[in-house]
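Asker: What follows is final-v3.pdb, made up of PDB, C-alpha atoms and all ligand atoms:
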```pdb
ATOM      1  CA  GLY O   1      15.658  23.633  41.733  1.00  0.00           C
ATOM      2  CA  CYS O   2      18.671  25.165  40.073  1.00  0.00           C
ATOM      3  CA  ALA O   3      16.916  26.493  36.993  1.00  0.00           C
ATOM      4  CA  ARG O   4      18.417  29.563  35.376  1.00  0.00           C
ATOM      5  CA  VAL O   5      16.143  32.566  35.373  1.00  0.00           C
ATOM      6  CA  PRO O   6      14.783  32.788  31.827  1.00  0.00           C
ATOM      7  CA  GLN O   7      15.319  35.928  29.797  1.00  0.00           C
ATOM      8  CA  THR O   8      12.342  38.177  29.286  1.00  0.00           C
ATOM      9  CA  GLY O   9       9.960  36.638  26.809  1.00  0.00           C
ATOM     10  CA  GLU O  10      11.124  33.060  27.264  1.00  0.00           C
ATOM     11  CA  PRO O  11       8.252  30.879  28.426  1.00  0.00           C
ATOM     12  CA  GLY O  12      10.235  28.526  30.664  1.00  0.00           C
ATOM     13  CA  PRO O  13      13.695  27.385  31.679  1.00  0.00           C
ATOM     14  CA  ALA O  14      16.645  27.497  29.312  1.00  0.00           C
ATOM     15  CA  GLY O  15      16.730  24.541  26.934  1.00  0.00           C
ATOM     16  CA  PHE O  16      12.957  24.165  26.872  1.00  0.00           C
ATOM     17  CA  VAL O  17      10.803  24.605  23.798  1.00  0.00           C
ATOM     18  CA  ASP O  18       7.075  25.013  23.346  1.00  0.00           C
ATOM     19  CA  VAL O  19       5.935  21.941  21.400  1.00  0.00           C
ATOM     20  CA  HIS O  20       3.803  24.223  19.233  1.00  0.00           C
ATOM     21  CA  ALA O  21       7.058  25.497  17.703  1.00  0.00           C
ATOM     22  CA  LEU O  22       7.612  21.985  16.294  1.00  0.00           C
ATOM     23  CA  VAL O  23       3.985  20.878  15.748  1.00  0.00           C
ATOM     24  CA  PRO O  24       1.833  24.029  15.380  1.00  0.00           C
ATOM     25  CA  ASP O  25      -1.451  22.107  15.320  1.00  0.00           C
ATOM     26  CA  LEU O  26      -0.712  19.611  18.092  1.00  0.00           C
ATOM     27  CA  SER O  27      -3.730  19.105  20.352  1.00  0.00           C
ATOM     28  CA  VAL O  28      -2.735  20.548  23.740  1.00  0.00           C
ATOM     29  CA  ASP O  29      -5.150  20.453  26.688  1.00  0.00           C
ATOM     30  CA  MET O  30      -3.083  21.549  29.691  1.00  0.00           C
ATOM     31  CA  ARG O  31      -5.334  20.386  32.501  1.00  0.00           C
ATOM     32  CA  TYR O  32      -3.323  21.854  35.364  1.00  0.00           C
ATOM     33  CA  ALA O  33      -3.524  25.381  33.920  1.00  0.00           C
ATOM     34  CA  GLY O  34      -7.303  25.314  34.493  1.00  0.00           C
ATOM     35  CA  SER O  35      -9.765  23.757  36.929  1.00  0.00           C
ATOM     36  CA  ASP O  36     -10.617  20.551  35.020  1.00  0.00           C
ATOM     37  CA  ASN O  37      -8.212  18.378  37.033  1.00  0.00           C
ATOM     38  CA  PHE O  38      -8.069  16.239  40.183  1.00  0.00           C
ATOM     39  CA  VAL O  39      -7.392  19.232  42.438  1.00  0.00           C
ATOM     40  CA  GLY O  40     -10.304  21.197  40.970  1.00  0.00           C
ATOM     41  CA  ARG O  41      -8.485  24.529  40.474  1.00  0.00           C
ATOM     42  CA  PRO O  42      -5.453  25.854  38.540  1.00  0.00           C
ATOM     43  CA  ILE O  43      -2.154  24.490  39.903  1.00  0.00           C
ATOM     44  CA  ALA O  44       0.745  26.635  41.140  1.00  0.00           C
ATOM     45  CA  GLY O  45       3.280  27.443  38.418  1.00  0.00           C
ATOM     46  CA  TYR O  46       0.910  27.038  35.464  1.00  0.00           C
ATOM     47  CA  GLY O  47       0.587  30.683  34.429  1.00  0.00           C
ATOM     48  CA  ALA O  48      -0.026  29.647  30.809  1.00  0.00           C
ATOM     49  CA  ALA O  49      -1.478  26.575  29.078  1.00  0.00           C
ATOM     50  CA  ARG O  50       1.730  25.687  27.245  1.00  0.00           C
ATOM     51  CA  CYS O  51       3.407  22.330  26.689  1.00  0.00           C
ATOM     52  CA  LEU O  52       7.113  22.905  27.331  1.00  0.00           C
ATOM     53  CA  LEU O  53       9.684  20.126  26.970  1.00  0.00           C
ATOM     54  CA  LEU O  54      13.430  19.814  26.580  1.00  0.00           C
ATOM     55  CA  ARG O  55      14.200  20.003  22.878  1.00  0.00           C
ATOM     56  CA  PRO O  56      15.104  16.282  22.444  1.00  0.00           C
ATOM     57  CA  ALA O  57      11.777  15.276  24.010  1.00  0.00           C
ATOM     58  CA  ALA O  58       9.806  17.785  21.912  1.00  0.00           C
ATOM     59  CA  ALA O  59      11.555  16.553  18.755  1.00  0.00           C
ATOM     60  CA  ALA O  60      10.802  12.919  19.607  1.00  0.00           C
ATOM     61  CA  LEU O  61       7.174  13.820  20.258  1.00  0.00           C
ATOM     62  CA  ALA O  62       6.972  15.504  16.845  1.00  0.00           C
ATOM     63  CA  ARG O  63       8.206  12.254  15.265  1.00  0.00           C
ATOM     64  CA  VAL O  64       5.536  10.230  17.089  1.00  0.00           C
ATOM     65  CA  GLU O  65       2.875  12.663  15.879  1.00  0.00           C
ATOM     66  CA  ALA O  66       4.111  12.450  12.273  1.00  0.00           C
ATOM     67  CA  ASP O  67       3.966   8.647  12.361  1.00  0.00           C
ATOM     68  CA  LEU O  68       0.468   8.608  13.838  1.00  0.00           C
ATOM     69  CA  ARG O  69      -0.908  11.102  11.322  1.00  0.00           C
ATOM     70  CA  ARG O  70       0.001   8.789   8.464  1.00  0.00           C
ATOM     71  CA  ASP O  71      -2.440   6.278   9.960  1.00  0.00           C
ATOM     72  CA  GLY O  72      -5.244   8.717  10.881  1.00  0.00           C
ATOM     73  CA  TYR O  73      -4.360   9.222  14.540  1.00  0.00           C
ATOM     74  CA  ARG O  74      -3.016  12.150  16.535  1.00  0.00           C
ATOM     75  CA  LEU O  75      -1.780  12.849  20.045  1.00  0.00           C
ATOM     76  CA  ARG O  76      -3.395  15.063  22.674  1.00  0.00           C
ATOM     77  CA  VAL O  77      -1.134  16.166  25.527  1.00  0.00           C
ATOM     78  CA  TYR O  78      -2.427  16.904  29.036  1.00  0.00           C
ATOM     79  CA  ASP O  79       0.789  17.786  30.861  1.00  0.00           C
ATOM     80  CA  CYS O  80       4.448  18.357  29.936  1.00  0.00           C
ATOM     81  CA  TYR O  81       7.051  20.264  31.992  1.00  0.00           C
ATOM     82  CA  ARG O  82       5.711  20.600  35.558  1.00  0.00           C
ATOM     83  CA  PRO O  83       7.415  23.176  37.821  1.00  0.00           C
ATOM     84  CA  GLU O  84       8.471  21.805  41.221  1.00  0.00           C
ATOM     85  CA  ARG O  85       6.076  24.262  42.872  1.00  0.00           C
ATOM     86  CA  ALA O  86       3.231  22.460  41.081  1.00  0.00           C
ATOM     87  CA  VAL O  87       4.454  19.133  42.469  1.00  0.00           C
ATOM     88  CA  ARG O  88       4.455  20.707  45.947  1.00  0.00           C
ATOM     89  CA  ASP O  89       0.899  21.916  45.324  1.00  0.00           C
ATOM     90  CA  PHE O  90      -0.151  18.330  44.435  1.00  0.00           C
ATOM     91  CA  VAL O  91       1.594  16.896  47.511  1.00  0.00           C
ATOM     92  CA  ALA O  92      -0.098  19.381  49.858  1.00  0.00           C
ATOM     93  CA  TRP O  93      -3.461  18.509  48.281  1.00  0.00           C
ATOM     94  CA  ALA O  94      -2.794  14.776  48.608  1.00  0.00           C
ATOM     95  CA  ARG O  95      -1.992  15.182  52.322  1.00  0.00           C
ATOM     96  CA  ASP O  96      -5.174  17.164  52.998  1.00  0.00           C
ATOM     97  CA  ALA O  97      -7.587  14.381  53.931  1.00  0.00           C
ATOM     98  CA  ASP O  98     -10.400  16.897  54.553  1.00  0.00           C
ATOM     99  CA  ASP O  99     -10.666  17.886  50.887  1.00  0.00           C
ATOM    100  CA  GLN O 100     -12.531  15.053  49.136  1.00  0.00           C
ATOM    101  CA  ARG O 101     -14.290  17.182  46.504  1.00  0.00           C
ATOM    102  CA  THR O 102     -12.929  15.332  43.465  1.00  0.00           C
ATOM    103  CA  ARG O 103     -13.014  11.808  44.879  1.00  0.00           C
ATOM    104  CA  SER O 104     -16.013  10.506  42.901  1.00  0.00           C
ATOM    105  CA  ALA O 105     -14.545  11.671  39.594  1.00  0.00           C
ATOM    106  CA  TYR O 106     -10.852  10.846  40.102  1.00  0.00           C
ATOM    107  CA  TYR O 107     -10.256   8.208  42.795  1.00  0.00           C
ATOM    108  CA  PRO O 108     -13.583   6.583  43.824  1.00  0.00           C
ATOM    109  CA  ASN O 109     -11.980   3.233  44.683  1.00  0.00           C
ATOM    110  CA  LEU O 110      -8.862   4.407  46.539  1.00  0.00           C
ATOM    111  CA  ASP O 111      -8.266   6.206  49.784  1.00  0.00           C
ATOM    112  CA  LYS O 112      -6.740   9.625  49.158  1.00  0.00           C
ATOM    113  CA  SER O 113      -3.756   8.593  51.296  1.00  0.00           C
ATOM    114  CA  ALA O 114      -2.874   5.926  48.695  1.00  0.00           C
ATOM    115  CA  LEU O 115      -2.359   8.431  45.851  1.00  0.00           C
ATOM    116  CA  LEU O 116       1.074   9.804  46.803  1.00  0.00           C
ATOM    117  CA  GLY O 117       3.843   7.663  45.417  1.00  0.00           C
ATOM    118  CA  ASP O 118       1.968   5.420  42.995  1.00  0.00           C
ATOM    119  CA  TYR O 119      -0.203   8.007  41.226  1.00  0.00           C
ATOM    120  CA  ILE O 120       1.256  11.391  42.222  1.00  0.00           C
ATOM    121  CA  ALA O 121       5.042  11.605  42.550  1.00  0.00           C
ATOM    122  CA  GLU O 122       6.676  13.679  45.297  1.00  0.00           C
ATOM    123  CA  ARG O 123       9.608  14.263  42.919  1.00  0.00           C
ATOM    124  CA  SER O 124       8.186  14.057  39.442  1.00  0.00           C
ATOM    125  CA  GLY O 125       9.982  13.329  36.198  1.00  0.00           C
ATOM    126  CA  HIS O 126       7.729  16.019  34.701  1.00  0.00           C
ATOM    127  CA  SER O 127       9.945  18.641  36.414  1.00  0.00           C
ATOM    128  CA  ARG O 128      12.925  17.375  34.401  1.00  0.00           C
ATOM    129  CA  GLY O 129      11.313  18.181  31.051  1.00  0.00           C
ATOM    130  CA  ALA O 130      11.292  14.832  29.250  1.00  0.00           C
ATOM    131  CA  THR O 131       8.036  13.416  30.649  1.00  0.00           C
ATOM    132  CA  LEU O 132       4.510  14.047  29.441  1.00  0.00           C
ATOM    133  CA  ASP O 133       0.921  12.853  29.821  1.00  0.00           C
ATOM    134  CA  VAL O 134      -0.723  12.029  26.502  1.00  0.00           C
ATOM    135  CA  THR O 135      -3.640  10.272  24.846  1.00  0.00           C
ATOM    136  CA  LEU O 136      -4.678   9.283  21.343  1.00  0.00           C
ATOM    137  CA  LEU O 137      -7.193  10.827  18.924  1.00  0.00           C
ATOM    138  CA  ARG O 138      -8.768   9.276  15.825  1.00  0.00           C
ATOM    139  CA  CYS O 139      -9.103  11.725  12.939  1.00  0.00           C
ATOM    140  CA  ASP O 140     -10.893  11.621   9.632  1.00  0.00           C
ATOM    141  CA  ALA O 141      -9.665  13.024   6.318  1.00  0.00           C
ATOM    142  CA  ASP O 142     -11.016  16.553   6.943  1.00  0.00           C
ATOM    143  CA  GLY O 143      -9.036  16.730  10.182  1.00  0.00           C
ATOM    144  CA  SER O 144     -11.853  16.373  12.687  1.00  0.00           C
ATOM    145  CA  CYS O 145     -10.760  14.221  15.616  1.00  0.00           C
ATOM    146  CA  VAL O 146     -12.297  12.384  18.540  1.00  0.00           C
ATOM    147  CA  ALA O 147     -10.505  11.198  21.668  1.00  0.00           C
ATOM    148  CA  LEU O 148     -10.290   7.417  21.839  1.00  0.00           C
ATOM    149  CA  ASP O 149     -11.671   5.348  24.710  1.00  0.00           C
ATOM    150  CA  MET O 150      -8.651   4.333  26.784  1.00  0.00           C
ATOM    151  CA  GLY O 151     -10.645   2.537  29.469  1.00  0.00           C
ATOM    152  CA  THR O 152     -10.341   5.407  31.951  1.00  0.00           C
ATOM    153  CA  ASP O 153     -10.113   9.155  31.679  1.00  0.00           C
ATOM    154  CA  PHE O 154      -6.793  10.971  32.167  1.00  0.00           C
ATOM    155  CA  ASP O 155      -5.728  11.056  35.852  1.00  0.00           C
ATOM    156  CA  PHE O 156      -8.287   8.460  36.941  1.00  0.00           C
ATOM    157  CA  PHE O 157      -6.268   7.121  39.866  1.00  0.00           C
ATOM    158  CA  ASP O 158      -7.251   3.479  39.981  1.00  0.00           C
ATOM    159  CA  PRO O 159      -5.905   0.003  39.173  1.00  0.00           C
ATOM    160  CA  ARG O 160      -7.915   0.251  35.956  1.00  0.00           C
ATOM    161  CA  ALA O 161      -5.496   2.972  34.806  1.00  0.00           C
ATOM    162  CA  HIS O 162      -2.581   0.528  34.989  1.00  0.00           C
ATOM    163  CA  THR O 163      -1.492   0.183  31.389  1.00  0.00           C
ATOM    164  CA  ASP O 164      -1.825  -3.606  31.367  1.00  0.00           C
ATOM    165  CA  ALA O 165      -4.965  -3.696  33.534  1.00  0.00           C
ATOM    166  CA  ALA O 166      -7.215  -6.718  33.122  1.00  0.00           C
ATOM    167  CA  GLY O 167     -10.865  -6.195  32.229  1.00  0.00           C
ATOM    168  CA  LEU O 168     -10.512  -3.686  29.392  1.00  0.00           C
ATOM    169  CA  ASP O 169     -12.551  -4.308  26.278  1.00  0.00           C
ATOM    170  CA  PRO O 170     -10.634  -5.140  23.073  1.00  0.00           C
ATOM    171  CA  ALA O 171     -10.879  -1.607  21.687  1.00  0.00           C
ATOM    172  CA  GLN O 172      -9.560  -0.028  24.891  1.00  0.00           C
ATOM    173  CA  ARG O 173      -6.722  -2.577  24.992  1.00  0.00           C
ATOM    174  CA  SER O 174      -5.795  -1.887  21.390  1.00  0.00           C
ATOM    175  CA  HIS O 175      -5.860   1.918  21.896  1.00  0.00           C
ATOM    176  CA  ARG O 176      -3.463   1.681  24.839  1.00  0.00           C
ATOM    177  CA  ASP O 177      -1.226  -0.679  22.888  1.00  0.00           C
ATOM    178  CA  ARG O 178      -1.234   1.596  19.843  1.00  0.00           C
ATOM    179  CA  LEU O 179      -0.230   4.610  21.940  1.00  0.00           C
ATOM    180  CA  ARG O 180       2.514   2.634  23.702  1.00  0.00           C
ATOM    181  CA  ALA O 181       3.926   1.270  20.443  1.00  0.00           C
ATOM    182  CA  ALA O 182       3.889   4.679  18.733  1.00  0.00           C
ATOM    183  CA  MET O 183       5.656   6.318  21.686  1.00  0.00           C
ATOM    184  CA  ALA O 184       8.177   3.463  22.076  1.00  0.00           C
ATOM    185  CA  ARG O 185       9.264   3.810  18.453  1.00  0.00           C
ATOM    186  CA  HIS O 186      10.776   7.196  19.305  1.00  0.00           C
ATOM    187  CA  GLY O 187      12.175   6.381  22.727  1.00  0.00           C
ATOM    188  CA  PHE O 188       9.319   7.048  25.154  1.00  0.00           C
ATOM    189  CA  VAL O 189       8.792   4.543  27.970  1.00  0.00           C
ATOM    190  CA  ASN O 190       5.411   4.197  29.680  1.00  0.00           C
ATOM    191  CA  TYR O 191       4.867   4.270  33.452  1.00  0.00           C
ATOM    192  CA  PRO O 192       2.990   0.998  34.126  1.00  0.00           C
ATOM    193  CA  LEU O 193       0.569   2.475  36.694  1.00  0.00           C
ATOM    194  CA  GLU O 194      -0.721   5.226  34.350  1.00  0.00           C
ATOM    195  CA  TRP O 195      -1.470   4.526  30.677  1.00  0.00           C
ATOM    196  CA  TRP O 196      -0.987   8.251  29.838  1.00  0.00           C
ATOM    197  CA  HIS O 197       2.459   8.891  31.420  1.00  0.00           C
ATOM    198  CA  TYR O 198       5.622   8.655  29.255  1.00  0.00           C
ATOM    199  CA  THR O 199       9.305   9.543  29.678  1.00  0.00           C
ATOM    200  CA  LEU O 200      11.928   9.848  26.950  1.00  0.00           C
ATOM    201  CA  GLN O 201      14.691   7.357  27.807  1.00  0.00           C
ATOM    202  CA  PRO O 202      17.506   7.863  28.368  1.00  0.00           C
ATOM    203  CA  GLU O 203      16.463  11.194  29.868  1.00  0.00           C
ATOM    204  CA  PRO O 204      18.329  14.166  28.333  1.00  0.00           C
ATOM    205  CA  ALA O 205      18.985  15.713  31.791  1.00  0.00           C
ATOM    206  CA  PRO O 206      18.179  13.083  34.425  1.00  0.00           C
ATOM    207  CA  GLU O 207      19.628  15.033  37.367  1.00  0.00           C
ATOM    208  CA  ARG O 208      18.100  18.440  36.755  1.00  0.00           C
ATOM    209  CA  ALA O 209      14.648  19.418  37.982  1.00  0.00           C
ATOM    210  CA  HIS O 210      13.271  22.930  37.415  1.00  0.00           C
ATOM    211  CA  ASP O 211      10.952  25.282  39.259  1.00  0.00           C
ATOM    212  CA  VAL O 212      10.585  28.086  36.728  1.00  0.00           C
ATOM    213  CA  PRO O 213       6.866  28.894  36.327  1.00  0.00           C
ATOM    214  CA  ILE O 214       5.171  28.454  32.956  1.00  0.00           C
ATOM    215  CA  ARG O 215       4.138  31.798  31.519  1.00  0.00           C
TER
HETATM  216  C1  LIG S 301      -0.455  13.202  38.403  1.00  0.00           C
HETATM  217  C2  LIG S 301      -0.210  12.366  37.158  1.00  0.00           C
HETATM  218  N1  LIG S 301      -0.664  13.057  36.001  1.00  0.00           N
HETATM  219  C3  LIG S 301       1.265  12.018  37.058  1.00  0.00           C
HETATM  220  O1  LIG S 301       1.972  12.603  36.262  1.00  0.00           O
HETATM  221  N2  LIG S 301       1.723  11.077  37.903  1.00  0.00           N
HETATM  222  C4  LIG S 301       3.123  10.743  37.982  1.00  0.00           C
HETATM  223  C5  LIG S 301       3.362   9.582  38.915  1.00  0.00           C
HETATM  224  C6  LIG S 301       3.920  11.959  38.431  1.00  0.00           C
HETATM  225  O2  LIG S 301       3.394  12.723  39.259  1.00  0.00           O
HETATM  226  O3  LIG S 301       5.070  12.110  37.987  1.00  0.00           O
HETATM  227 ZN    ZN S 302       2.503  12.170  34.141  1.00  0.00          ZN
END
```
In structure tokens, what does this structure look like?
Answerer:
Amino acid sequence: GCARVPQTGEPGPAGFVDVHALVPDLSVDMRYAGSDNFVGRPIAGYGAARCLLLRPAAAALARVEADLRRDGYRLRVYDCYRPERAVRDFVAWARDADDQRTRSAYYPNLDKSALLGDYIAERSGHSRGATLDVTLLRCDADGSCVALDMGTDFDFFDPRAHTDAAGLDPAQRSHRDRLRAAMARHGFVNYPLEWWHYTLQPEPAPERAHDVPIR
């Protein structure tokens, strides 16, 4: 990528903000910074569990969160800016047919060779800073929240993860629809093969991918 080297103390590339600067109590569970993900270990480039986005995307996300809170819901984000080195880490994993350690949890119905392209991009919008992976929480008045049943877990690579998949129960269907409607109101478009994956459209910087590590 052609990312500028950030100045000392900046967490990511120029123009990026940590969403916590806009929503201090946003639920952030950065799966690729730890081992609870489809690779089963921390991913290259995730030196810190921070959700970084280009400012227009972070601001739009803050508006979605504000809307949802009025109705007793909140967002939980699983991935935001993804350095290109992390994408390369995913691609190398996807091409390694010998490593099937996470198959039963993440892709029990697909051959590993089918993941690249549909479920794991070789050039991901996440590296451009206006794409994120997100789910919905239901919260009561004292602020305690539970994650809603979306029909699959995050990063369950399967036709059942397709946003309009048949065979969901009515609650799962309505949770996916609620998330999609809340995101759409502020410009985020869903990726039809993954109910959790959203991109702000039009993208603020559609040509520019970054490889600056998150720290
Ligand atoms: C890997 C998954 N969380 C994801 O983001 N998939 C899309 C297709 C991507 O890699 O951009
Ligand atoms: Zn995604």
Asker: I'd like the residues picked by the PyMOL selection byres (((chain O and resi 95) around 12) and not hetatm) written out as a list in words, using the chain letters and numbers from the file.
Answerer: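 Here the PyMOL selection byres (((chain O and resi 95) around 12) and not hetatm) matches Val39, Arg88, Asp89, Phe90, Val91, Ala92, Trp93, Ala94, Asp96, Ala97, Asp98, Asp99, Gln100, Asp111, Lys112, Ser113, Ala114, Leu115, Leu116, Gly117, Ile120 and Glu122 of chain O.
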Asker: Please dump the current selection as a PDB file, in the coordinates of the input; keep C-alpha atoms.
Answerer:
```
ATOM      1  CA  VAL O  39      -7.392  19.232  42.438  1.00  0.00           C
ATOM      2  CA  ARG O  88       4.455  20.707  45.947  1.00  0.00           C
ATOM      3  CA  ASP O  89       0.899  21.916  45.324  1.00  0.00           C
ATOM      4  CA  PHE O  90      -0.151  18.330  44.435  1.00  0.00           C
ATOM      5  CA  VAL O  91       1.594  16.896  47.511  1.00  0.00           C
ATOM      6  CA  ALA O  92      -0.098  19.381  49.858  1.00  0.00           C
ATOM      7  CA  TRP O  93      -3.461  18.509  48.281  1.00  0.00           C
ATOM      8  CA  ALA O  94      -2.794  14.776  48.608  1.00  0.00           C
ATOM      9  CA  ASP O  96      -5.174  17.164  52.998  1.00  0.00           C
ATOM     10  CA  ALA O  97      -7.587  14.381  53.931  1.00  0.00           C
ATOM     11  CA  ASP O  98     -10.400  16.897  54.553  1.00  0.00           C
ATOM     12  CA  ASP O  99     -10.666  17.886  50.887  1.00  0.00           C
ATOM     13  CA  GLN O 100     -12.531  15.053  49.136  1.00  0.00           C
ATOM     14  CA  ASP O 111      -8.266   6.206  49.784  1.00  0.00           C
ATOM     15  CA  LYS O 112      -6.740   9.625  49.158  1.00  0.00           C
ATOM     16  CA  SER O 113      -3.756   8.593  51.296  1.00  0.00           C
ATOM     17  CA  ALA O 114      -2.874   5.926  48.695  1.00  0.00           C
ATOM     18  CA  LEU O 115      -2.359   8.431  45.851  1.00  0.00           C
ATOM     19  CA  LEU O 116       1.074   9.804  46.803  1.00  0.00           C
ATOM     20  CA  GLY O 117       3.843   7.663  45.417  1.00  0.00           C
ATOM     21  CA  ILE O 120       1.256  11.391  42.222  1.00  0.00           C
ATOM     22  CA  GLU O 122       6.676  13.679  45.297  1.00  0.00           C
TER      23      GLU O 122
END
```
Asker: Might you spell out which residues the PyMOL selection byres (((not hetatm)) within 10 of (chain S and resi 301)) would select in the displayed file, as a compact mmCIF listing (two decimals) with C-alpha atoms, keeping the file's coordinate frame?
Answerer:
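What ended up in expr.txt:
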```txt
# COMPACT_ATOMS: atom_id res chain seq x y z
CA ARG O 31 -5.33 20.39 32.50
CA TYR O 32 -3.32 21.85 35.36
CA ASN O 37 -8.21 18.38 37.03
CA PHE O 38 -8.07 16.24 40.18
CA TYR O 78 -2.43 16.90 29.04
CA ASP O 79 0.79 17.79 30.86
CA CYS O 80 4.45 18.36 29.94
CA ARG O 82 5.71 20.60 35.56
CA ALA O 86 3.23 22.46 41.08
CA VAL O 87 4.45 19.13 42.47
CA PHE O 90 -0.15 18.33 44.44
CA VAL O 91 1.59 16.90 47.51
CA LEU O 115 -2.36 8.43 45.85
CA LEU O 116 1.07 9.80 46.80
CA GLY O 117 3.84 7.66 45.42
CA ASP O 118 1.97 5.42 43.00
CA TYR O 119 -0.20 8.01 41.23
CA ILE O 120 1.26 11.39 42.22
CA ALA O 121 5.04 11.60 42.55
CA GLU O 122 6.68 13.68 45.30
CA ARG O 123 9.61 14.26 42.92
CA SER O 124 8.19 14.06 39.44
CA GLY O 125 9.98 13.33 36.20
CA HIS O 126 7.73 16.02 34.70
CA SER O 127 9.94 18.64 36.41
CA THR O 131 8.04 13.42 30.65
CA LEU O 132 4.51 14.05 29.44
CA ASP O 133 0.92 12.85 29.82
CA VAL O 134 -0.72 12.03 26.50
CA PHE O 154 -6.79 10.97 32.17
CA ASP O 155 -5.73 11.06 35.85
CA PHE O 156 -8.29 8.46 36.94
CA PHE O 157 -6.27 7.12 39.87
CA TYR O 191 4.87 4.27 33.45
CA PRO O 192 2.99 1.00 34.13
CA LEU O 193 0.57 2.48 36.69
CA GLU O 194 -0.72 5.23 34.35
CA TRP O 196 -0.99 8.25 29.84
CA HIS O 197 2.46 8.89 31.42
CA TYR O 198 5.62 8.65 29.26
CA THR O 199 9.30 9.54 29.68
```
Asker: Excluding O:Leu53 and its own-chain neighbours fewer than 2 positions away, which residues fall within 7 Å of it when counting all atoms listed in the file? Please give them as a list of chain:residue names.
Answerer: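 Once the nearby chain positions are removed, what remains is O:Phe16, O:Val17, O:Asp18, O:Val19, O:Cys51, O:Arg55, O:Ala57, O:Ala58, O:Cys80, O:Tyr81, O:Gly129, O:Ala130.
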Asker: Can you tell me, as a list in words, what residues are no more than 9 Å from O:Leu68 when counting all atoms listed in the file, ignoring any on the same chain fewer than 6 positions away?
Answerer: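 Listed by chain and then number, they are Arg74, Leu75 and Ala182 of chain O.
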Asker: Please save C-alpha atoms of the selected residues as an mmCIF file, in the frame of the given file.
Answerer:
```
data_model
loop_
_atom_site.group_PDB
_atom_site.id
_atom_site.type_symbol
_atom_site.label_atom_id
_atom_site.label_comp_id
_atom_site.auth_asym_id
_atom_site.auth_seq_id
_atom_site.Cartn_x
_atom_site.Cartn_y
_atom_site.Cartn_z
ATOM 1 C CA ARG O 74 -3.016 12.150 16.535
ATOM 2 C CA LEU O 75 -1.780 12.849 20.045
ATOM 3 C CA ALA O 182 3.889 4.679 18.733
#
```
Asker: Axis-aligned box over every listed atom of stretch 38-49 of chain O, padded by 4 Å per side: centre and edges in Å to one decimal, as JSON?
Answerer:
```
{"center_x": -3.5, "center_y": 23.5, "center_z": 35.8, "size_x": 21.6, "size_y": 22.4, "size_z": 21.4}
```
Asker: Run the PyMOL selection byres (((chain O and resi 175-177) around 10) and not hetatm) against the file shown and list the residues it catches, as a VMD selection string.
Answerer: chain O and resid 135 to 138 148 to 151 163 to 164 168 170 to 174 178 to 183 195 to 196
Asker: Hey, can you check how far atom CA of O:Pro204 sits from atom CA of O:Asp29?
Answerer: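 Distance reported for this atom pair: 24.4 Å.
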